Amino acid sequence: MRWLLGSLVTLILLLAIYLGSALWSLAALANAVRTGSGAAVIERTDVTSLKQSIADQVVAAYLARIGETRQVGSTERMLIRAAGGGVAEAMIARLLTPERLTEILKTGQIQGVQELPPISGLPRLIDLDTGNALAMLQRLRFIQPMEFGFRLTDATADRFSEARMHFAGTGWKLSGLTLPAGAINQLAASLPAK
């Protein structure tokens, strides 16, 4: 019986450390955004994964947009995903400089980026109440053992915004952002039409 109780206590402690480390990492990222420290934001971000996350959303919106006017075949869809992903990643790379990423997460806006329209209504990381662990746990979504999603907007929205954190190296890093459909559509509209 003591063995079972000891195992249960150990399991609860490990779970608390596991979840606590993810919450602490998100709080540290939000604090870096609040203070405007681009270097600290980039340090807590897996830029490659974040770029891929946004590019995938943009390419999906692009495919939906061209699919409204004509049938998109499977070969064309595959080619668009390959070529369009590269174009979208190049466009998104301009957004993921330390200063711009910090500004986007702080203000919820994209402004002053060449060849991109001004976009507002993006999730603001500084709006999270990272000091309230219970509220943060309610926003948490388990994706897989090394990845969590944290809802950034109201859950009643059709497509809520989310920050994804995954464990990389020695800690949790921002690895993805689920952006509002309007913002993704605006980014997709800035891709070449053909």
# chains A, B, ... in the order shown; residues from 1 in each chain; ligands from 1
$ select_by_dssp --residues "chain A" --states "strand (DSSP E or B)" --output "ChimeraX atom specification"
/A:45,110,119,140-144,147-151,162-168,171-178
$ write_last_selection --atoms "N, CA and C atoms" --output "PDB file, in the first residue's frame"
ATOM      1  N   THR A  45      11.852  30.802 -29.050  1.00  0.00           N
ATOM      2  CA  THR A  45      11.061  30.454 -30.227  1.00  0.00           C
ATOM      3  C   THR A  45      11.837  29.497 -31.121  1.00  0.00           C
ATOM      4  N   ILE A 110       0.428  43.519 -37.930  1.00  0.00           N
ATOM      5  CA  ILE A 110       1.561  43.479 -38.852  1.00  0.00           C
ATOM      6  C   ILE A 110       1.508  44.785 -39.621  1.00  0.00           C
ATOM      7  N   ILE A 119      -2.104  44.244 -41.283  1.00  0.00           N
ATOM      8  CA  ILE A 119      -3.045  43.251 -40.760  1.00  0.00           C
ATOM      9  C   ILE A 119      -3.181  43.473 -39.263  1.00  0.00           C
ATOM     10  N   LEU A 140      -4.995  25.371 -21.765  1.00  0.00           N
ATOM     11  CA  LEU A 140      -4.039  24.387 -22.250  1.00  0.00           C
ATOM     12  C   LEU A 140      -4.739  23.285 -23.035  1.00  0.00           C
ATOM     13  N   ARG A 141      -4.119  22.890 -24.130  1.00  0.00           N
ATOM     14  CA  ARG A 141      -4.616  21.770 -24.924  1.00  0.00           C
ATOM     15  C   ARG A 141      -3.446  20.828 -25.178  1.00  0.00           C
ATOM     16  N   PHE A 142      -3.589  19.610 -24.734  1.00  0.00           N
ATOM     17  CA  PHE A 142      -2.550  18.594 -24.940  1.00  0.00           C
ATOM     18  C   PHE A 142      -2.581  18.168 -26.394  1.00  0.00           C
ATOM     19  N   ILE A 143      -1.431  18.215 -27.068  1.00  0.00           N
ATOM     20  CA  ILE A 143      -1.341  17.799 -28.460  1.00  0.00           C
ATOM     21  C   ILE A 143      -0.610  16.464 -28.544  1.00  0.00           C
ATOM     22  N   GLN A 144       0.547  16.413 -27.938  1.00  0.00           N
ATOM     23  CA  GLN A 144       1.315  15.183 -27.824  1.00  0.00           C
ATOM     24  C   GLN A 144       2.262  15.359 -26.641  1.00  0.00           C
ATOM     25  N   GLU A 147       4.339  18.486 -26.828  1.00  0.00           N
ATOM     26  CA  GLU A 147       3.743  19.680 -27.423  1.00  0.00           C
ATOM     27  C   GLU A 147       2.397  19.996 -26.781  1.00  0.00           C
ATOM     28  N   PHE A 148       2.227  21.273 -26.449  1.00  0.00           N
ATOM     29  CA  PHE A 148       0.982  21.789 -25.903  1.00  0.00           C
ATOM     30  C   PHE A 148       0.510  22.955 -26.753  1.00  0.00           C
ATOM     31  N   GLY A 149      -0.784  23.201 -26.737  1.00  0.00           N
ATOM     32  CA  GLY A 149      -1.353  24.407 -27.325  1.00  0.00           C
ATOM     33  C   GLY A 149      -1.954  25.229 -26.200  1.00  0.00           C
ATOM     34  N   PHE A 150      -1.810  26.555 -26.275  1.00  0.00           N
ATOM     35  CA  PHE A 150      -2.412  27.473 -25.311  1.00  0.00           C
ATOM     36  C   PHE A 150      -3.320  28.417 -26.079  1.00  0.00           C
ATOM     37  N   ARG A 151      -4.619  28.349 -25.796  1.00  0.00           N
ATOM     38  CA  ARG A 151      -5.599  29.194 -26.465  1.00  0.00           C
ATOM     39  C   ARG A 151      -5.339  30.651 -26.109  1.00  0.00           C
ATOM     40  N   GLU A 162      -4.203  30.217 -31.210  1.00  0.00           N
ATOM     41  CA  GLU A 162      -3.497  29.367 -30.265  1.00  0.00           C
ATOM     42  C   GLU A 162      -1.999  29.511 -30.462  1.00  0.00           C
ATOM     43  N   ALA A 163      -1.264  29.456 -29.364  1.00  0.00           N
ATOM     44  CA  ALA A 163       0.199  29.384 -29.402  1.00  0.00           C
ATOM     45  C   ALA A 163       0.570  27.950 -29.064  1.00  0.00           C
ATOM     46  N   ARG A 164       1.460  27.392 -29.851  1.00  0.00           N
ATOM     47  CA  ARG A 164       1.931  26.029 -29.585  1.00  0.00           C
ATOM     48  C   ARG A 164       3.334  26.089 -29.025  1.00  0.00           C
ATOM     49  N   MET A 165       3.559  25.298 -27.999  1.00  0.00           N
ATOM     50  CA  MET A 165       4.872  25.191 -27.380  1.00  0.00           C
ATOM     51  C   MET A 165       5.304  23.733 -27.484  1.00  0.00           C
ATOM     52  N   HIS A 166       6.546  23.517 -27.901  1.00  0.00           N
ATOM     53  CA  HIS A 166       7.063  22.161 -27.886  1.00  0.00           C
ATOM     54  C   HIS A 166       8.394  22.135 -27.146  1.00  0.00           C
ATOM     55  N   PHE A 167       8.722  20.960 -26.644  1.00  0.00           N
ATOM     56  CA  PHE A 167       9.949  20.811 -25.868  1.00  0.00           C
ATOM     57  C   PHE A 167      11.100  20.598 -26.833  1.00  0.00           C
ATOM     58  N   ALA A 168      12.085  21.490 -26.753  1.00  0.00           N
ATOM     59  CA  ALA A 168      13.254  21.406 -27.637  1.00  0.00           C
ATOM     60  C   ALA A 168      14.498  21.680 -26.818  1.00  0.00           C
ATOM     61  N   GLY A 171      14.231  23.154 -22.929  1.00  0.00           N
ATOM     62  CA  GLY A 171      13.008  23.816 -22.473  1.00  0.00           C
ATOM     63  C   GLY A 171      11.953  23.894 -23.561  1.00  0.00           C
ATOM     64  N   TRP A 172      10.844  24.501 -23.205  1.00  0.00           N
ATOM     65  CA  TRP A 172       9.707  24.652 -24.103  1.00  0.00           C
ATOM     66  C   TRP A 172       9.905  25.906 -24.942  1.00  0.00           C
ATOM     67  N   LYS A 173       9.578  25.798 -26.235  1.00  0.00           N
ATOM     68  CA  LYS A 173       9.724  26.930 -27.145  1.00  0.00           C
ATOM     69  C   LYS A 173       8.449  27.108 -27.959  1.00  0.00           C
ATOM     70  N   LEU A 174       8.189  28.358 -28.356  1.00  0.00           N
ATOM     71  CA  LEU A 174       7.069  28.656 -29.239  1.00  0.00           C
ATOM     72  C   LEU A 174       7.341  27.997 -30.581  1.00  0.00           C
ATOM     73  N   SER A 175       6.436  27.122 -31.009  1.00  0.00           N
ATOM     74  CA  SER A 175       6.665  26.384 -32.255  1.00  0.00           C
ATOM     75  C   SER A 175       5.560  26.594 -33.274  1.00  0.00           C
ATOM     76  N   GLY A 176       4.499  27.271 -32.889  1.00  0.00           N
ATOM     77  CA  GLY A 176       3.425  27.493 -33.842  1.00  0.00           C
ATOM     78  C   GLY A 176       2.428  28.509 -33.338  1.00  0.00           C
ATOM     79  N   LEU A 177       1.788  29.166 -34.275  1.00  0.00           N
ATOM     80  CA  LEU A 177       0.691  30.082 -33.974  1.00  0.00           C
ATOM     81  C   LEU A 177      -0.449  29.749 -34.912  1.00  0.00           C
ATOM     82  N   THR A 178      -1.631  29.522 -34.365  1.00  0.00           N
ATOM     83  CA  THR A 178      -2.823  29.385 -35.171  1.00  0.00           C
ATOM     84  C   THR A 178      -3.428  30.773 -35.230  1.00  0.00           C
TER      85      THR A 178
END
$ closest_residue --among "A:Val33, A:Ile184, A:Leu116, A:Leu125" --to "Ser53 in chain A" --atoms "only C-alpha atoms"
A:Ile184
$ atom_distance --atom1 "CA of Leu101 in chain A" --atom2 "CA of Val47 in chain A"
10.0 Å
$ closest_residue --among "A:Arg34, A:Thr170, A:Pro145, A:Arg44" --to "Thr107 in chain A" --atoms "only C-alpha atoms"
A:Arg34
$ select_by_dssp --residues "chain A" --states "alpha helix (DSSP H)" --output "PyMOL selection string"
chain A and resi 2-35+38-43+47-67+74-79+85-93+98-107+133-139+181-189
$ closest_residue --among "A:Ala16, A:Met146, A:Leu11, A:Ala188" --to "Ala60 in chain A" --atoms "only C-alpha atoms"
A:Ala188
$ residues_around --residues "Asp129 in chain A" --least-positions-apart "4" --cutoff "12 Å" --atoms "only C-alpha atoms" --output "list in words"
Leu23, Leu26, Ala27, Ala30, Asn31, Arg124, Leu125, Ala133, Leu134, Ala135, Met136, Leu137, Gln138, Arg139, Phe150, Arg151, Leu152 and Thr153 of chain A
$ closest_residue --among "A:Val9, A:Ala32, A:Val41, A:Ala189" --to "Ala88 in chain A" --atoms "only C-alpha atoms"
A:Ala189
$ closest_residue --among "A:Ser190, A:Glu89, A:Ser21, A:Gly182" --to "Gln114 in chain A" --atoms "only C-alpha atoms"
A:Ser190
